[in-house]
Amino acid sequence: MTVHFKQDEPVNSNRLDGMKQGVLGKPLPRIEGLAKVTGTASYAAEFPVENCAEGVLVTATITRGEVTSIDRESVLSMPGVIAVIDDEKLCTRAAQGTANEAPMQGPSQVCYWGQPIALVVAETFEQARDAAKHLAVEYRKEEGAPLDPSEVEPEEQEDETVHQGDLAHAMADAAHSVDVTYTTKGHASAAMEPHAAIAQWDGDKLTVHASLQMLNYNITELADALDMKEENIRLISRFVGGGFGSKLGISEEVVAAALAAKEVGRPVRVVQSRQQVFQTVMRRSETTQRLRLAADSDGKLIGFGHEALVSNLPGETFAEPVLQSSHFMYGGENRELMLNVARIHRMTAGSVRAPGEAVGMPALEGAMDVLAAKAGIDPVELRLRNIPEKDPEDGLPFSSHKLAECLKQGAEAFGWDKDQRKPRQRREGEWWIGTGMASAARVHNISEAKARVTLKTDGTALVETDMTDIGTGTYTILAQIAGEMLGLDPKRVLVELGDTRHPRGPGSGGSWGAASIGSAVYVACKAIREELATRIGTSEDKLELSEGKTATGESLTDLLEGKDLAREGHYEPGDIEDDYTASGFGAFFAEVRVNHYTGETRVERMLGAFGFGRVLNAKTARSQCIGGITWSIGVALTEALEFDPRDGHLVNCDLAEYHVPVHRDVPDLDVVLVEERDGAASPIQAKGIGELGMCGGAAAIANAIYNACGARLYDYPMTPDRVLAVMPD
Amino acid sequence: MADTITVNETAYPTPDDPRVSLLDFLRQHIGLTGTKKGCDHGQCGACTVIVNGVRINSCLTLAAMHDGDSVTTIEGLGTPDEPSALQRAFLEHDGFQCGYCTPGQICSATAMLEEIAADWPSDASENLEGRIAISGEEIRERMSGNLCRCGAYANIVAAIEEVAAGGRS
């Protein structure tokens, strides 16, 4: 039986706080953790499949043009080689998140350097790899493909444009004004598990073990790509070795494995090499952002401007949503916002952790620091003075707003010294030491979701959905929600995820997973509680369950009368999405040391205070936050995709040349969880936390660099050469 | 007699194809998929295993070169029923998220603590000679070859520090 709940109003009943099991929010270790630490958790490429052939992708070595011939004979005589697949159904790009349709297909048309054009299948990986290198390919090149975003006429994203009042006039009248341009380089998700798939056919039924974030969309995308019915496809992703947006949509290896398995009549595994993952999946676009802030003598904003230029391939709808939180972050009645996209032939741009705010907030919060210094106002105080009472553009109320609390609690916990705002106050040997801060914001997303909960006669519960756990903690928080509602120790709740045979969840992406699927589990459990209450002649709101018993001592097992009790919860966001502006908020504080002679920056300590609704598990929530803060360090100091200006190919396409933070780059990190209940965000009053932790953190580091040594930089990442170039004598 | 590699105390013949890396041998030939392939170029550390007591990147060495060697993988350090002290500490401190780099982190940390105990100096050490004291900086420096993109570093260091201090035994 399915129970549907469409949310049109806030849910402020705080039901979860009234439950008796007392496990929700507790810092429980992950229920799948033992499998992960002992190496017994199986990821996509690791399922034992009999007679599995190995496929290796071949990628284009031109920027734009046509594949005129592929000489199969050049490799078919090599040992172990079984087939060369260059089917026009092969995908040449990964699908964008929530695309729900096949990505670009047709490998004979090349749109970027590194695009997949064929798959070589052999008995072993070594044979396939060797053959893939030797496959003779001829091209007809099209010269003149645009590669530099600043050299093409950009397309305006009109949905993002805001002209309100007269910003130019406000800038001229302002007591304090800032007009600065920031740049950010491209970023890679660089999830540790490379994209992988094993495809098997049984007649016209296809099963694919894959590493994907959103099976509910991915099954539709794969069916569309292969021109087959969804009911004939089963996708399995029980463990996903990191996603960060790169596995939102199906990528090239999934379709290639399926086509190859069909052609060779046996299972085929395709694992992308690390270099291929970098070059074929998704990049975060580089950005150029102009910030204009106009403030009165008290530092209150009267004008706000944020214009950004990003890029993508022709034919892609995704445009890095740089301005997403700028629309509501601070007041200022005179506003100019505009997002432009340049069409260039670099690899596909798409979602990388916190698309939009990950780069928009570091620019905005850098500019706010410039304003604070100009106006002589403490940066924390400047932000407190500019928190709007309602959305400054559409006038909607905020569902909840914890920025002020985060700023205050964060400053207190960090030991923020507002009297040390002048640069160059502390020096130890070669090192300047300073502190900086920034606000955090990440829009709240929520999605339709379904989950089935079964209360079993053996006194356990089963939760089933095709939702994924990409390291976020889904397994554990769903066991906690079900355990809380049904009065069970979470150890007695089995959670089955990542299989399209289960009800469709929301998928993991945009930080919407926990709130969406958690609400579906909540709806299902509430329906089970209603049935149990009926059986003992009470009402659901009076039913008290803990440790498998009712308040009057009846066991759940007895109430079931020998029959499992199952309900499917179907959560759907309704009018609530249009009635409020909903966002997570937070504040970052960082202490850095900057070497006067080399320009090297080391982060000494960092703290984040975050308000994101109900905390479902204090341990996994904190881990999401420290993960985000760690990404902030990468954005601030090291991460940059570098493209060859001659052919647009990604030069630093591996983990030696693309510098993600390593152990020694990351100090102890402090996290303050600012608890709140946001009933307009979701029925379980939770928002997302997977991305908020990196939305602005890079600016806290940039601002600390300025405070430490007086070098004001406007280009991320702030590598030693860039710091040194503006280091005062 | 055929060449053999001993993995977690079981002997296996080395593969016929000399191109097979130790990593692919473990994962594809003998089914020990706990050791992970993250980059295949020695850049991420996900494939770290312990060979004759020393940690190495198993993707950077060929299986055929390990005749007579003894390899310990994550499966050999502990099991779900009997996890090692580090495995328990990683679980308790949430020293992982997606779990893909985790076997490499744990194998690496297991051997790394032995390196400190044997007074091998690192860039973070005060001196090249003499006793090496365990510290957060020593651990961070020595673990920097094991990348974690989820960003669990702070928790990983906390887990290792606890075991180094004699915890979770």
# chains A, B, ... in the order shown; residues from 1 in each chain; ligands from 1
call {"tool": "select_by_dssp", "arguments": {"residues": "chain B", "states": "alpha helix (DSSP H)", "output": "ChimeraX atom specification"}}
result
/B:22-24,74-77,85-93,102-117,136-142,153-164
call {"tool": "write_last_selection", "arguments": {"atoms": "N, CA and C atoms", "output": "compact mmCIF listing (two decimals), in the first residue's frame"}}
result
# COMPACT_ATOMS: atom_id res chain seq x y z
N LEU B 22 50.59 -5.96 -9.62
CA LEU B 22 50.22 -6.64 -8.38
C LEU B 22 48.77 -6.31 -8.01
N LEU B 23 48.39 -5.05 -8.25
CA LEU B 23 47.02 -4.63 -7.95
C LEU B 23 46.00 -5.44 -8.75
N ASP B 24 46.20 -5.53 -10.06
CA ASP B 24 45.24 -6.27 -10.88
C ASP B 24 45.27 -7.77 -10.56
N ILE B 74 44.09 -5.62 2.92
CA ILE B 74 43.10 -5.23 3.93
C ILE B 74 42.38 -6.46 4.49
N GLU B 75 42.15 -7.45 3.61
CA GLU B 75 41.45 -8.66 4.07
C GLU B 75 42.29 -9.44 5.07
N GLY B 76 43.63 -9.25 4.99
CA GLY B 76 44.52 -9.96 5.90
C GLY B 76 44.72 -9.25 7.23
N LEU B 77 44.30 -7.99 7.30
CA LEU B 77 44.48 -7.23 8.55
C LEU B 77 43.38 -7.50 9.56
N ALA B 85 42.67 -3.14 15.29
CA ALA B 85 42.49 -1.92 16.11
C ALA B 85 42.26 -0.70 15.21
N LEU B 86 43.01 -0.59 14.13
CA LEU B 86 42.83 0.55 13.23
C LEU B 86 41.47 0.50 12.53
N GLN B 87 41.06 -0.69 12.13
CA GLN B 87 39.75 -0.80 11.48
C GLN B 87 38.64 -0.35 12.43
N ARG B 88 38.75 -0.75 13.70
CA ARG B 88 37.75 -0.32 14.69
C ARG B 88 37.80 1.18 14.91
N ALA B 89 39.01 1.72 14.96
CA ALA B 89 39.16 3.16 15.22
C ALA B 89 38.62 3.98 14.03
N PHE B 90 38.86 3.52 12.81
CA PHE B 90 38.30 4.21 11.63
C PHE B 90 36.77 4.22 11.72
N LEU B 91 36.20 3.11 12.13
CA LEU B 91 34.74 3.01 12.23
C LEU B 91 34.22 4.01 13.27
N GLU B 92 34.85 4.03 14.44
CA GLU B 92 34.39 4.85 15.55
C GLU B 92 34.57 6.35 15.26
N HIS B 93 35.68 6.71 14.62
CA HIS B 93 35.97 8.12 14.34
C HIS B 93 35.40 8.58 13.00
N THR B 102 39.60 3.80 1.80
CA THR B 102 39.77 3.33 3.18
C THR B 102 40.71 2.13 3.33
N PRO B 103 40.57 1.07 2.54
CA PRO B 103 41.52 -0.04 2.70
C PRO B 103 42.97 0.42 2.53
N GLY B 104 43.21 1.31 1.58
CA GLY B 104 44.55 1.85 1.37
C GLY B 104 45.01 2.67 2.56
N GLN B 105 44.10 3.49 3.09
CA GLN B 105 44.46 4.31 4.27
C GLN B 105 44.85 3.40 5.43
N ILE B 106 44.07 2.34 5.63
CA ILE B 106 44.30 1.47 6.80
C ILE B 106 45.58 0.64 6.61
N CYS B 107 45.79 0.11 5.42
CA CYS B 107 47.05 -0.62 5.17
C CYS B 107 48.24 0.31 5.35
N SER B 108 48.09 1.51 4.80
CA SER B 108 49.18 2.48 4.89
C SER B 108 49.46 2.84 6.35
N ALA B 109 48.41 3.12 7.11
CA ALA B 109 48.58 3.51 8.51
C ALA B 109 49.19 2.38 9.33
N THR B 110 48.80 1.16 9.02
CA THR B 110 49.33 0.00 9.75
C THR B 110 50.85 -0.07 9.61
N ALA B 111 51.33 0.07 8.39
CA ALA B 111 52.78 0.01 8.16
C ALA B 111 53.47 1.29 8.60
N MET B 112 52.76 2.42 8.46
CA MET B 112 53.34 3.72 8.83
C MET B 112 53.69 3.77 10.31
N LEU B 113 52.83 3.21 11.15
CA LEU B 113 53.11 3.22 12.59
C LEU B 113 54.37 2.41 12.90
N GLU B 114 54.59 1.36 12.12
CA GLU B 114 55.82 0.57 12.28
C GLU B 114 57.04 1.40 11.87
N GLU B 115 56.87 2.21 10.84
CA GLU B 115 57.99 3.05 10.38
C GLU B 115 58.37 4.07 11.45
N ILE B 116 57.37 4.63 12.11
CA ILE B 116 57.67 5.57 13.21
C ILE B 116 58.34 4.82 14.35
N ALA B 117 57.81 3.64 14.66
CA ALA B 117 58.39 2.84 15.76
C ALA B 117 59.85 2.49 15.46
N GLY B 136 50.54 14.60 15.36
CA GLY B 136 49.60 14.80 14.26
C GLY B 136 50.34 15.15 12.97
N GLU B 137 51.36 15.99 13.06
CA GLU B 137 52.10 16.39 11.87
C GLU B 137 52.85 15.21 11.26
N GLU B 138 53.46 14.36 12.11
CA GLU B 138 54.12 13.15 11.59
C GLU B 138 53.13 12.29 10.82
N ILE B 139 51.96 12.09 11.42
CA ILE B 139 50.96 11.23 10.78
C ILE B 139 50.50 11.85 9.46
N ARG B 140 50.22 13.16 9.49
CA ARG B 140 49.75 13.82 8.25
C ARG B 140 50.79 13.72 7.15
N GLU B 141 52.03 14.00 7.50
CA GLU B 141 53.10 13.95 6.49
C GLU B 141 53.20 12.55 5.89
N ARG B 142 53.23 11.56 6.76
CA ARG B 142 53.48 10.19 6.31
C ARG B 142 52.26 9.58 5.60
N TYR B 153 40.07 13.45 6.21
CA TYR B 153 41.42 13.47 6.80
C TYR B 153 41.43 13.71 8.31
N ALA B 154 40.69 14.71 8.76
CA ALA B 154 40.74 15.06 10.19
C ALA B 154 40.32 13.85 11.03
N ASN B 155 39.34 13.11 10.57
CA ASN B 155 38.88 11.93 11.31
C ASN B 155 39.86 10.76 11.18
N ILE B 156 40.50 10.65 10.04
CA ILE B 156 41.49 9.58 9.84
C ILE B 156 42.66 9.79 10.80
N VAL B 157 43.12 11.03 10.89
CA VAL B 157 44.24 11.32 11.78
C VAL B 157 43.84 11.04 13.23
N ALA B 158 42.62 11.40 13.59
CA ALA B 158 42.14 11.13 14.96
C ALA B 158 42.13 9.63 15.23
N ALA B 159 41.71 8.84 14.25
CA ALA B 159 41.67 7.38 14.42
C ALA B 159 43.08 6.82 14.59
N ILE B 160 44.00 7.28 13.77
CA ILE B 160 45.38 6.77 13.83
C ILE B 160 46.02 7.19 15.15
N GLU B 161 45.78 8.44 15.56
CA GLU B 161 46.35 8.92 16.83
C GLU B 161 45.88 8.06 17.99
N GLU B 162 44.62 7.69 17.95
CA GLU B 162 44.10 6.88 19.05
C GLU B 162 44.79 5.51 19.11
N VAL B 163 44.96 4.89 17.95
CA VAL B 163 45.62 3.58 17.93
C VAL B 163 47.10 3.71 18.30
N ALA B 164 47.72 4.78 17.82
CA ALA B 164 49.14 5.00 18.15
C ALA B 164 49.32 5.14 19.65
call {"tool": "interface_residues", "arguments": {"of": "chain A", "to": "chain B", "cutoff": "6 Å", "atoms": "only C-alpha atoms", "output": "PyMOL selection string"}}
result
chain A and resi 29+33-34+36-39+192-193+241-242+274+470-471+627+630+655-656+662-664+668
call {"tool": "write_last_selection", "arguments": {"atoms": "C-alpha atoms", "output": "tab-separated table (two decimals), in the first residue's frame"}}
result
chain	number	residue	atom	x	y	z
A	29	PRO	CA	28.83	4.83	13.51
A	33	GLY	CA	31.12	0.92	8.07
A	34	LEU	CA	32.51	-2.46	9.03
A	36	LYS	CA	34.08	-0.54	4.24
A	37	VAL	CA	36.96	-0.74	6.73
A	38	THR	CA	37.50	-4.46	6.10
A	39	GLY	CA	37.43	-4.23	2.31
A	192	MET	CA	38.33	8.09	-5.69
A	193	GLU	CA	36.45	5.30	-7.45
A	241	GLY	CA	33.16	5.36	-4.22
A	242	GLY	CA	32.41	9.05	-4.18
A	274	ARG	CA	41.83	8.00	-14.09
A	470	ILE	CA	27.79	7.87	-1.88
A	471	GLY	CA	29.54	8.26	1.46
A	627	GLY	CA	34.65	17.11	3.90
A	630	THR	CA	38.55	20.26	3.07
A	655	LEU	CA	45.94	13.15	-9.37
A	656	ALA	CA	49.60	14.06	-9.60
A	662	VAL	CA	46.23	15.75	0.97
A	663	HIS	CA	46.58	14.83	4.63
A	664	ARG	CA	49.22	17.44	5.37
A	668	ASP	CA	42.24	19.70	12.71
call {"tool": "residues_around", "arguments": {"residues": "stretch 366-373 of chain A", "least_positions_apart": "6", "cutoff": "8 Å", "atoms": "only C-alpha atoms", "output": "PDB file with N, CA and C atoms, in the first residue's frame"}}
result
ATOM      1  N   HIS A 176      30.677  53.764   0.784  1.00  0.00           N
ATOM      2  CA  HIS A 176      31.746  52.797   0.529  1.00  0.00           C
ATOM      3  C   HIS A 176      31.314  51.911  -0.630  1.00  0.00           C
ATOM      4  N   SER A 177      32.199  51.736  -1.607  1.00  0.00           N
ATOM      5  CA  SER A 177      31.825  50.855  -2.710  1.00  0.00           C
ATOM      6  C   SER A 177      33.007  49.975  -3.113  1.00  0.00           C
ATOM      7  N   VAL A 178      32.662  48.843  -3.677  1.00  0.00           N
ATOM      8  CA  VAL A 178      33.659  47.879  -4.131  1.00  0.00           C
ATOM      9  C   VAL A 178      33.259  47.430  -5.529  1.00  0.00           C
ATOM     10  N   VAL A 180      35.034  44.788  -8.009  1.00  0.00           N
ATOM     11  CA  VAL A 180      36.184  43.895  -8.191  1.00  0.00           C
ATOM     12  C   VAL A 180      35.802  42.726  -9.089  1.00  0.00           C
ATOM     13  N   LEU A 291      31.944  41.673  -9.084  1.00  0.00           N
ATOM     14  CA  LEU A 291      31.142  41.961  -7.892  1.00  0.00           C
ATOM     15  C   LEU A 291      31.101  43.462  -7.677  1.00  0.00           C
ATOM     16  N   LEU A 293      29.532  46.124  -4.874  1.00  0.00           N
ATOM     17  CA  LEU A 293      28.847  46.301  -3.598  1.00  0.00           C
ATOM     18  C   LEU A 293      28.841  47.789  -3.265  1.00  0.00           C
ATOM     19  N   GLY A 299      27.685  50.704   6.532  1.00  0.00           N
ATOM     20  CA  GLY A 299      28.028  49.413   5.935  1.00  0.00           C
ATOM     21  C   GLY A 299      26.829  48.644   5.433  1.00  0.00           C
ATOM     22  N   PRO A 379      34.441  42.297   9.793  1.00  0.00           N
ATOM     23  CA  PRO A 379      33.768  41.489   8.752  1.00  0.00           C
ATOM     24  C   PRO A 379      32.558  40.708   9.272  1.00  0.00           C
ATOM     25  N   LEU A 382      29.812  43.314   9.626  1.00  0.00           N
ATOM     26  CA  LEU A 382      29.314  43.748   8.313  1.00  0.00           C
ATOM     27  C   LEU A 382      28.257  42.770   7.807  1.00  0.00           C
ATOM     28  N   ARG A 421      42.105  43.303  12.735  1.00  0.00           N
ATOM     29  CA  ARG A 421      41.697  43.326  11.322  1.00  0.00           C
ATOM     30  C   ARG A 421      42.703  44.016  10.409  1.00  0.00           C
ATOM     31  N   ALA A 438      34.212  34.046   6.446  1.00  0.00           N
ATOM     32  CA  ALA A 438      33.284  34.187   5.328  1.00  0.00           C
ATOM     33  C   ALA A 438      31.954  33.563   5.725  1.00  0.00           C
ATOM     34  N   ALA A 699      36.881  31.628   0.680  1.00  0.00           N
ATOM     35  CA  ALA A 699      37.046  33.068   0.934  1.00  0.00           C
ATOM     36  C   ALA A 699      37.587  33.316   2.336  1.00  0.00           C
ATOM     37  N   ALA A 700      37.215  32.466   3.296  1.00  0.00           N
ATOM     38  CA  ALA A 700      37.766  32.641   4.650  1.00  0.00           C
ATOM     39  C   ALA A 700      39.285  32.531   4.592  1.00  0.00           C
ATOM     40  N   ALA A 702      41.161  33.048   1.775  1.00  0.00           N
ATOM     41  CA  ALA A 702      41.656  34.200   1.000  1.00  0.00           C
ATOM     42  C   ALA A 702      41.721  35.447   1.884  1.00  0.00           C
ATOM     43  N   ASN A 703      40.676  35.637   2.685  1.00  0.00           N
ATOM     44  CA  ASN A 703      40.625  36.821   3.552  1.00  0.00           C
ATOM     45  C   ASN A 703      41.673  36.728   4.662  1.00  0.00           C
ATOM     46  N   TYR A 714      42.560  38.171  -6.108  1.00  0.00           N
ATOM     47  CA  TYR A 714      41.219  38.047  -6.680  1.00  0.00           C
ATOM     48  C   TYR A 714      41.096  36.828  -7.589  1.00  0.00           C
TER      49      TYR A 714
END
call {"tool": "atom_distance", "arguments": {"atom1": "atom CA of A:Ser189", "atom2": "atom CA of A:Arg614"}}
result
27.4 Å
call {"tool": "residues_around", "arguments": {"residues": "stretch 690-697 of chain A", "least_positions_apart": "5", "cutoff": "9 Å", "atoms": "only C-alpha atoms", "output": "MDAnalysis selection string"}}
result
chainID A and resid 353:366 437:443 472 509:512 584:590 608:610 612 621 624:633 635:636 702
call {"tool": "write_last_selection", "arguments": {"atoms": "N, CA and C atoms", "output": "short mmCIF file (atom, residue, chain, number, x, y, z; two decimals), in the first residue's frame"}}
result
data_model
loop_
_atom_site.label_atom_id
_atom_site.label_comp_id
_atom_site.auth_asym_id
_atom_site.auth_seq_id
_atom_site.Cartn_x
_atom_site.Cartn_y
_atom_site.Cartn_z
N ARG A 353 30.63 19.08 -6.85
CA ARG A 353 30.14 19.40 -5.50
C ARG A 353 29.78 20.89 -5.32
N ALA A 354 28.51 21.12 -4.95
CA ALA A 354 27.98 22.48 -4.74
C ALA A 354 28.08 23.36 -5.98
N PRO A 355 27.54 22.89 -7.11
CA PRO A 355 27.58 23.74 -8.31
C PRO A 355 26.97 25.11 -7.99
N GLY A 356 27.66 26.13 -8.42
CA GLY A 356 27.19 27.50 -8.15
C GLY A 356 27.92 28.11 -6.97
N GLU A 357 27.42 27.81 -5.78
CA GLU A 357 27.97 28.44 -4.58
C GLU A 357 29.43 28.08 -4.33
N ALA A 358 29.86 26.91 -4.81
CA ALA A 358 31.26 26.52 -4.57
C ALA A 358 32.23 27.56 -5.11
N VAL A 359 31.83 28.27 -6.17
CA VAL A 359 32.70 29.32 -6.73
C VAL A 359 32.09 30.71 -6.59
N GLY A 360 30.76 30.78 -6.56
CA GLY A 360 30.11 32.08 -6.41
C GLY A 360 30.33 32.68 -5.03
N MET A 361 30.19 31.84 -4.01
CA MET A 361 30.34 32.34 -2.64
C MET A 361 31.78 32.79 -2.33
N PRO A 362 32.81 32.06 -2.78
CA PRO A 362 34.17 32.56 -2.52
C PRO A 362 34.42 33.95 -3.14
N ALA A 363 33.80 34.23 -4.29
CA ALA A 363 33.97 35.55 -4.90
C ALA A 363 33.20 36.60 -4.10
N LEU A 364 31.93 36.31 -3.82
CA LEU A 364 31.11 37.26 -3.07
C LEU A 364 31.71 37.56 -1.70
N GLU A 365 32.14 36.50 -1.01
CA GLU A 365 32.64 36.68 0.36
C GLU A 365 34.03 37.31 0.37
N GLY A 366 34.77 37.17 -0.71
CA GLY A 366 36.02 37.91 -0.84
C GLY A 366 35.72 39.40 -0.98
N MET A 437 37.38 35.30 7.68
CA MET A 437 36.09 34.61 7.82
C MET A 437 35.25 34.83 6.57
N ALA A 438 34.21 34.05 6.45
CA ALA A 438 33.28 34.19 5.33
C ALA A 438 31.95 33.56 5.73
N SER A 439 30.89 34.01 5.10
CA SER A 439 29.58 33.37 5.28
C SER A 439 29.46 32.18 4.34
N ALA A 440 28.55 31.27 4.69
CA ALA A 440 28.23 30.13 3.83
C ALA A 440 26.75 30.17 3.50
N ALA A 441 26.43 29.78 2.27
CA ALA A 441 25.03 29.56 1.92
C ALA A 441 24.95 28.53 0.81
N ARG A 442 23.94 27.71 0.87
CA ARG A 442 23.67 26.74 -0.19
C ARG A 442 22.17 26.55 -0.26
N VAL A 443 21.60 26.78 -1.44
CA VAL A 443 20.15 26.65 -1.59
C VAL A 443 19.70 25.26 -1.15
N THR A 472 27.68 9.62 2.05
CA THR A 472 26.97 10.67 2.76
C THR A 472 26.35 10.19 4.06
N GLY A 509 22.29 13.94 -4.82
CA GLY A 509 22.78 15.07 -5.59
C GLY A 509 22.15 16.34 -5.07
N GLY A 510 22.85 17.45 -5.20
CA GLY A 510 22.30 18.73 -4.77
C GLY A 510 21.96 18.77 -3.30
N SER A 511 22.59 17.92 -2.53
CA SER A 511 22.35 17.84 -1.08
C SER A 511 20.89 17.53 -0.74
N TRP A 512 20.15 16.98 -1.70
CA TRP A 512 18.73 16.78 -1.42
C TRP A 512 18.41 15.38 -0.89
N GLY A 584 20.46 26.50 3.42
CA GLY A 584 21.33 26.30 4.57
C GLY A 584 22.26 27.50 4.67
N PHE A 585 22.63 27.86 5.89
CA PHE A 585 23.55 28.98 6.09
C PHE A 585 24.67 28.56 7.02
N GLY A 586 25.74 29.33 7.01
CA GLY A 586 26.83 29.00 7.90
C GLY A 586 27.89 30.08 7.89
N ALA A 587 28.95 29.83 8.62
CA ALA A 587 30.07 30.78 8.69
C ALA A 587 31.37 30.01 8.83
N PHE A 588 32.39 30.47 8.13
CA PHE A 588 33.72 29.85 8.18
C PHE A 588 34.70 30.81 8.85
N PHE A 589 35.62 30.24 9.60
CA PHE A 589 36.71 31.01 10.19
C PHE A 589 38.00 30.24 9.95
N ALA A 590 39.04 30.94 9.51
CA ALA A 590 40.30 30.26 9.20
C ALA A 590 41.49 31.04 9.73
N GLY A 608 33.92 25.70 10.98
CA GLY A 608 32.68 26.03 10.29
C GLY A 608 31.51 25.85 11.23
N ALA A 609 30.60 26.82 11.21
CA ALA A 609 29.34 26.70 11.98
C ALA A 609 28.20 26.67 10.97
N PHE A 610 27.36 25.66 11.04
CA PHE A 610 26.36 25.46 10.00
C PHE A 610 24.96 25.20 10.56
N PHE A 612 21.47 23.74 9.17
CA PHE A 612 20.90 23.04 8.00
C PHE A 612 19.71 22.19 8.41
N ALA A 621 26.92 13.90 9.87
CA ALA A 621 26.72 15.31 9.48
C ALA A 621 28.03 16.08 9.65
N GLN A 624 30.32 15.27 6.84
CA GLN A 624 30.01 16.00 5.62
C GLN A 624 30.59 17.41 5.68
N CYS A 625 30.49 18.02 6.87
CA CYS A 625 31.01 19.39 7.03
C CYS A 625 32.53 19.44 6.88
N ILE A 626 33.24 18.51 7.52
CA ILE A 626 34.70 18.57 7.41
C ILE A 626 35.14 18.23 5.98
N GLY A 627 34.36 17.39 5.31
CA GLY A 627 34.65 17.11 3.90
C GLY A 627 34.52 18.37 3.07
N GLY A 628 33.47 19.12 3.32
CA GLY A 628 33.26 20.37 2.59
C GLY A 628 34.36 21.38 2.88
N ILE A 629 34.73 21.49 4.15
CA ILE A 629 35.79 22.44 4.51
C ILE A 629 37.10 22.04 3.83
N THR A 630 37.34 20.73 3.75
CA THR A 630 38.55 20.26 3.07
C THR A 630 38.53 20.67 1.60
N TRP A 631 37.38 20.55 0.97
CA TRP A 631 37.26 21.02 -0.43
C TRP A 631 37.51 22.52 -0.52
N SER A 632 37.08 23.27 0.51
CA SER A 632 37.33 24.72 0.51
C SER A 632 38.81 25.01 0.44
N ILE A 633 39.60 24.18 1.13
CA ILE A 633 41.05 24.38 1.12
C ILE A 633 41.59 24.14 -0.30
N VAL A 635 39.87 24.54 -3.14
CA VAL A 635 39.43 25.65 -3.99
C VAL A 635 40.31 26.87 -3.73
N ALA A 636 40.62 27.11 -2.48
CA ALA A 636 41.38 28.31 -2.12
C ALA A 636 42.82 28.25 -2.61
N ALA A 702 41.16 33.05 1.77
CA ALA A 702 41.66 34.20 1.00
C ALA A 702 41.72 35.45 1.88
#
call {"tool": "atom_distance", "arguments": {"atom1": "atom CA of A:Thr465", "atom2": "atom CA of A:Arg504"}}
result
5.9 Å
call {"tool": "decode", "arguments": {"residues": "stretch 718-729 of chain A", "atoms": "N, CA and C atoms", "output": "short mmCIF file (atom, residue, chain, number, x, y, z; two decimals), in the first residue's frame"}}
result
data_model
loop_
_atom_site.label_atom_id
_atom_site.label_comp_id
_atom_site.auth_asym_id
_atom_site.auth_seq_id
_atom_site.Cartn_x
_atom_site.Cartn_y
_atom_site.Cartn_z
N MET A 718 44.85 30.38 -4.89
CA MET A 718 45.88 31.35 -4.50
C MET A 718 47.20 30.62 -4.29
N THR A 719 47.77 30.26 -5.42
CA THR A 719 49.03 29.49 -5.42
C THR A 719 50.19 30.42 -5.04
N PRO A 720 51.32 29.85 -4.62
CA PRO A 720 52.43 30.68 -4.14
C PRO A 720 52.86 31.77 -5.13
N ASP A 721 52.89 31.44 -6.43
CA ASP A 721 53.31 32.45 -7.41
C ASP A 721 52.36 33.63 -7.42
N ARG A 722 51.08 33.37 -7.29
CA ARG A 722 50.09 34.45 -7.31
C ARG A 722 50.18 35.28 -6.03
N VAL A 723 50.41 34.61 -4.90
CA VAL A 723 50.52 35.35 -3.63
C VAL A 723 51.76 36.24 -3.68
N LEU A 724 52.84 35.66 -4.15
CA LEU A 724 54.10 36.40 -4.19
C LEU A 724 54.01 37.63 -5.09
N ALA A 725 53.25 37.51 -6.18
CA ALA A 725 53.14 38.61 -7.14
C ALA A 725 52.53 39.86 -6.53
N VAL A 726 51.70 39.70 -5.48
CA VAL A 726 51.07 40.88 -4.87
C VAL A 726 51.47 41.04 -3.40
N MET A 727 52.50 40.31 -2.99
CA MET A 727 52.99 40.43 -1.61
C MET A 727 53.63 41.81 -1.41
N PRO A 728 53.14 42.62 -0.47
CA PRO A 728 53.81 43.91 -0.22
C PRO A 728 55.25 43.66 0.28
N ASP A 729 56.09 44.62 0.07
CA ASP A 729 57.50 44.46 0.48
C ASP A 729 57.61 44.26 1.99
#
